[in-house]
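Novice: Pasting protein-v4.txt below, which is compact mmCIF, C-alpha atoms.
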# COMPACT_ATOMS: atom_id res chain seq x y z
CA MET A 163 -7.17 -16.81 -9.21
CA HIS A 164 -9.69 -15.08 -11.40
CA ARG A 165 -8.41 -14.93 -14.97
CA PRO A 166 -8.22 -11.27 -16.10
CA THR A 167 -7.76 -9.87 -19.57
CA PRO A 168 -4.55 -11.27 -21.13
CA ALA A 169 -1.60 -8.90 -21.12
CA ALA A 170 -1.53 -8.86 -24.93
CA ASP A 171 -4.84 -6.97 -24.91
CA LEU A 172 -3.78 -4.23 -22.53
CA GLY A 173 -2.22 -1.77 -24.97
CA LEU A 174 0.28 0.50 -23.29
CA ARG A 175 0.57 -1.45 -20.06
CA THR A 176 3.59 -3.71 -20.02
CA ALA A 177 3.27 -7.40 -19.29
CA HIS A 178 5.45 -6.89 -16.22
CA GLN A 179 3.20 -4.19 -14.77
CA PHE A 180 0.08 -6.16 -15.67
CA VAL A 181 1.31 -9.24 -13.82
CA LYS A 182 2.43 -7.20 -10.81
CA ASP A 183 -0.89 -5.36 -10.57
CA SER A 184 -2.89 -8.58 -10.99
CA LEU A 185 -0.97 -10.43 -8.30
CA ARG A 186 -0.88 -7.48 -5.91
CA ARG A 187 -4.64 -7.02 -6.08
CA ALA A 188 -5.25 -10.75 -5.67
CA VAL A 189 -3.15 -10.70 -2.49
CA LEU A 190 -4.77 -7.54 -1.12
CA ARG A 191 -8.28 -8.83 -1.82
CA GLY A 192 -7.45 -12.11 -0.07
CA ALA A 193 -7.92 -14.16 -3.26
CA LEU A 194 -4.35 -15.36 -2.74
CA ALA A 195 -4.06 -16.31 0.93
CA GLY A 196 -0.98 -16.00 3.08
CA GLY A 197 1.28 -19.02 2.64
CA ALA A 198 0.03 -19.83 -0.87
CA ARG A 199 2.71 -20.90 -3.36
CA LEU A 200 2.97 -18.84 -6.52
CA ILE A 201 4.04 -21.12 -9.35
CA GLN A 202 5.49 -19.09 -12.18
CA ALA A 203 4.38 -21.38 -15.01
CA ASP A 204 0.78 -21.46 -13.75
CA ILE A 205 0.65 -17.68 -13.36
CA ALA A 206 2.09 -17.18 -16.84
CA THR A 207 -0.56 -19.47 -18.33
CA ASP A 208 -3.42 -17.87 -16.38
CA LEU A 209 -2.40 -14.35 -17.36
CA GLY A 210 -1.35 -15.10 -20.93
CA VAL A 211 2.26 -13.94 -20.57
CA SER A 212 5.73 -15.46 -20.67
CA ILE A 213 7.68 -16.52 -17.59
CA THR A 214 9.99 -13.47 -17.64
CA PRO A 215 7.44 -10.79 -16.59
CA VAL A 216 6.11 -13.16 -13.91
CA ARG A 217 9.60 -13.59 -12.47
CA GLU A 218 10.16 -9.80 -12.50
CA ALA A 219 6.77 -9.12 -10.91
CA LEU A 220 7.38 -11.61 -8.10
CA ARG A 221 10.75 -10.01 -7.41
CA ASP A 222 9.09 -6.58 -7.15
CA LEU A 223 6.33 -7.89 -4.88
CA ALA A 224 8.97 -9.45 -2.64
CA THR A 225 10.57 -6.01 -2.32
CA GLU A 226 7.17 -4.61 -1.30
CA GLY A 227 6.77 -7.37 1.30
CA LEU A 228 3.68 -8.98 -0.26
CA VAL A 229 5.62 -12.06 -1.36
CA ARG A 230 8.65 -13.84 0.07
CA ILE A 231 11.07 -15.92 -1.94
CA ASP A 232 11.90 -19.26 -0.33
CA PRO A 233 15.03 -20.93 -1.77
CA HIS A 234 13.32 -24.33 -1.67
CA ARG A 235 9.63 -23.57 -2.31
CA GLY A 236 9.88 -20.52 -4.57
CA ALA A 237 7.55 -17.53 -4.22
CA ILE A 238 5.05 -17.62 -1.36
CA VAL A 239 2.40 -15.07 -0.37
CA SER A 240 3.46 -13.34 2.84
CA THR A 241 1.51 -13.98 6.02
CA VAL A 242 0.43 -11.41 8.57
CA SER A 243 2.91 -11.10 11.47
CA LEU A 244 1.94 -8.92 14.42
CA PRO A 245 5.55 -8.46 15.66
CA GLU A 246 6.57 -7.38 12.17
CA VAL A 247 3.77 -4.88 11.74
CA ARG A 248 4.45 -3.43 15.19
CA GLU A 249 8.04 -2.82 14.16
CA VAL A 250 6.97 -1.26 10.84
CA TYR A 251 4.49 1.07 12.51
CA GLN A 252 6.87 2.00 15.30
CA LEU A 253 9.29 3.19 12.63
CA ARG A 254 6.54 4.89 10.64
CA ARG A 255 5.38 6.76 13.76
CA LEU A 256 8.93 7.98 14.30
CA LEU A 257 9.62 9.10 10.74
CA GLU A 258 6.37 9.88 8.98
CA PRO A 259 5.05 12.64 11.29
CA ALA A 260 8.49 14.28 11.13
CA ALA A 261 8.45 14.05 7.34
CA ALA A 262 4.94 15.53 7.30
CA SER A 263 6.06 18.51 9.39
CA LEU A 264 8.83 19.15 6.85
CA ALA A 265 6.54 18.68 3.85
CA ALA A 266 3.52 20.73 4.91
CA PRO A 267 5.11 24.20 4.70
CA ARG A 268 6.85 23.31 1.43
CA ILE A 269 4.08 21.58 -0.47
CA SER A 270 3.14 23.20 -3.78
CA ALA A 271 -0.37 23.73 -5.09
CA ASP A 272 0.28 21.10 -7.77
CA GLU A 273 1.48 18.52 -5.23
CA LEU A 274 -1.48 19.22 -2.99
CA GLY A 275 -3.78 18.95 -6.00
CA ARG A 276 -2.39 15.53 -6.94
CA ALA A 277 -2.97 14.28 -3.41
CA ALA A 278 -6.51 15.67 -3.48
CA VAL A 279 -7.23 13.83 -6.74
CA LEU A 280 -6.03 10.57 -5.19
CA GLN A 281 -8.22 11.14 -2.15
CA ALA A 282 -11.23 11.89 -4.36
CA GLU A 283 -10.64 8.55 -6.08
CA MET A 284 -10.49 6.82 -2.70
CA ASP A 285 -13.76 8.46 -1.65
CA GLY A 286 -15.51 6.74 -4.53
CA GLU A 287 -13.58 3.45 -4.50
CA LEU A 288 -15.32 0.28 -3.31
CA ASP A 289 -12.65 -2.22 -4.26
CA ARG A 290 -10.42 -2.83 -1.25
CA ALA A 291 -7.28 -3.68 -3.21
CA ARG A 292 -7.54 -0.60 -5.41
CA TRP A 293 -8.21 1.58 -2.35
CA VAL A 294 -5.05 0.27 -0.67
CA GLU A 295 -3.02 1.09 -3.79
CA LEU A 296 -4.46 4.62 -3.87
CA ASN A 297 -3.74 4.98 -0.16
CA ARG A 298 -0.07 4.16 -0.75
CA ALA A 299 0.11 6.69 -3.59
CA PHE A 300 -1.62 9.35 -1.46
CA HIS A 301 0.86 9.13 1.39
CA GLY A 302 3.80 9.00 -0.96
CA ALA A 303 2.62 12.04 -2.91
CA LEU A 304 2.40 14.21 0.20
CA LEU A 305 5.77 13.26 1.64
CA GLN A 306 7.64 13.95 -1.59
CA ALA A 307 7.26 17.62 -0.64
CA ALA A 308 9.58 17.14 2.36
CA GLY A 309 12.51 17.89 0.05
CA SER A 310 14.53 14.93 1.32
CA PRO A 311 14.84 12.12 -1.24
CA ARG A 312 16.55 9.85 1.28
CA LEU A 313 13.84 10.34 3.90
CA ALA A 314 11.15 9.80 1.24
CA ALA A 315 12.84 6.57 0.15
CA ILE A 316 13.09 5.22 3.71
CA VAL A 317 9.49 6.12 4.52
CA GLY A 318 8.39 4.70 1.16
CA GLN A 319 9.95 1.34 2.01
CA LEU A 320 8.07 1.30 5.30
CA GLN A 321 4.83 2.21 3.53
CA ASP A 322 5.36 -0.65 1.09
CA ALA A 323 5.98 -3.03 3.99
CA ALA A 324 2.72 -1.85 5.59
CA THR A 325 0.56 -2.46 2.51
CA LEU A 326 -0.55 -5.96 3.50
CA TYR A 327 -1.50 -4.71 6.96
CA VAL A 328 -3.40 -1.70 5.63
CA ALA A 329 -5.45 -4.16 3.55
CA LEU A 330 -6.15 -6.18 6.69
CA SER A 331 -7.11 -3.02 8.56
CA VAL A 332 -9.78 -1.99 6.04
CA LYS A 333 -10.97 -5.58 5.76
CA VAL A 334 -11.78 -6.01 9.43
CA ARG A 335 -13.09 -2.53 10.22
CA PRO A 336 -16.79 -2.30 9.23
CA LEU A 337 -16.21 1.23 7.93
CA GLY A 338 -12.49 0.89 7.36
CA MET A 339 -12.19 2.70 4.05
CA GLU A 340 -14.65 5.38 5.12
CA SER A 341 -12.72 6.01 8.34
CA GLY A 342 -9.48 6.10 6.39
CA ASN A 343 -10.94 8.66 4.00
CA GLU A 344 -11.99 10.90 6.90
CA GLU A 345 -8.48 10.72 8.35
CA HIS A 346 -6.98 11.48 4.94
CA ARG A 347 -9.17 14.56 4.61
CA ALA A 348 -7.84 15.77 7.96
CA ILE A 349 -4.29 15.23 6.70
CA LEU A 350 -5.08 17.12 3.48
CA ALA A 351 -6.56 20.01 5.45
CA ALA A 352 -3.45 20.23 7.61
CA PHE A 353 -1.19 20.23 4.55
CA GLY A 354 -3.48 22.77 2.86
CA SER A 355 -3.03 25.14 5.78
CA ARG A 356 0.76 24.66 5.51
CA ASP A 357 0.75 23.98 9.27
CA PRO A 358 3.63 21.62 10.25
CA ALA A 359 2.27 20.89 13.73
CA ALA A 360 -1.20 20.08 12.41
CA ALA A 361 0.24 17.86 9.65
CA ARG A 362 2.42 16.00 12.14
CA LEU A 363 -0.55 15.41 14.47
CA ALA A 364 -2.94 14.31 11.69
CA VAL A 365 -0.44 11.78 10.34
CA ARG A 366 0.33 10.45 13.82
CA ARG A 367 -3.38 9.98 14.58
CA HIS A 368 -3.92 8.19 11.28
CA LEU A 369 -1.05 5.77 11.88
CA ARG A 370 -2.25 5.07 15.43
CA SER A 371 -5.79 4.38 14.20
CA THR A 372 -4.57 1.93 11.57
CA MET A 373 -2.31 0.09 14.01
CA GLU A 374 -5.11 -0.20 16.57
CA SER A 375 -7.33 -1.80 13.91
CA ILE A 376 -4.63 -4.29 12.96
CA GLU A 377 -4.00 -5.28 16.58
CA ALA A 378 -7.74 -5.70 17.17
CA ALA A 379 -7.87 -8.06 14.21
CA ASP A 380 -4.96 -10.24 15.38
CA GLY A 381 -6.10 -13.84 15.60
CA THR A 382 -9.55 -13.10 14.19
CA SER A 383 -8.81 -12.52 10.50
CA ALA A 384 -6.38 -13.60 7.84
CA MET A 385 -5.57 -12.28 4.42
Go ahead and express the file in the form of structure tokens.

Specialist:
Amino acid sequence: MHRPTPAADLGLRTAHQFVKDSLRRAVLRGALAGGARLIQADIATDLGVSITPVREALRDLATEGLVRIDPHRGAIVSTVSLPEVREVYQLRRLLEPAAASLAAPRISADELGRAAVLQAEMDGELDRARWVELNRAFHGALLQAAGSPRLAAIVGQLQDAATLYVALSVKVRPLGMESGNEEHRAILAAFGSRDPAAARLAVRRHLRSTMESIEAADGTSAM
């Protein structure tokens, strides 16, 4: 793993967040391949931190689905599983368009503005891992407007579980990030018009497009 700036030099960022961000981006870029063991002592040495923030970061990444904790082997980078991603996207296609139809008429100018800022960042982002992180924040920002904390939490868990597969999607599509940005702009336009039907349709199309890319990549690419 490329050795980044030690956590001690990062000012306001906590060691925990620094380790989590570093590992997440290494996984999403493919620098840490599926099945790789993550040895806490080695990570702590590489990143210039103690064991405690590494342990906390690995626990968080396990919650997001990027890492799994094996009782015998410790932390291991998750591998791509087509049955798993099909289940995740089946649930997302059930819940996320419905959440979008609730959120679109309710979304405030400030909430819409925050989503637009995230999309503008994605438009100019070339780093795949950072784009995937912005993508997660974009979808989460829009659906907060649904006014249902429980629905937002459930959908957020599914979006976290999809992160590894979103990274695969933009890796294998020649214009993956560009296509994603176009679909996001359509979602933003639907939310901007406060049209629940248009928002529901734009989100459904986006999820279908991503899933089709993942299925096309099955057996041809690995993280």

Novice: In Å, with one decimal, what is the gap from CA of Ile349 (chain A) to CA of Ala262 (chain A)?

Specialist: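 Interatomic distance here is 9.3 Å.
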
Novice: Could you jot down the CA of Ser240 (chain A) to CA of Gly196 (chain A) separation for me, Å, one decimal place?

Specialist: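 We find that CA of Ser240 (chain A) and CA of Gly196 (chain A) lie 5.2 Å from each other.
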
Novice: Considering only C-alpha atoms, can you say which of A:Ala206, A:Ala271, A:Tyr251, A:Ile376 comes closest to Ser355 (chain A)?

Specialist: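 Closest to Ser355 (chain A) of all the choices is A:Ala271.
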
Novice: Can you tell me which residues surround Arg268 (chain A) at a distance of at most 10 Å, considering all atoms listed in the file, apart from same-chain residues fewer than 5 positions away, and format the answer as JSON, numbers by chain?

Specialist: {"A": [262, 263, 273, 306, 307, 308, 309, 353, 356, 357, 358]}

Novice: Which residue, A:Arg254, A:Arg335, A:Arg276, A:Arg248, has the smallest gap to Gln319 (chain A) when you use only C-alpha atoms?

Specialist: A:Arg254
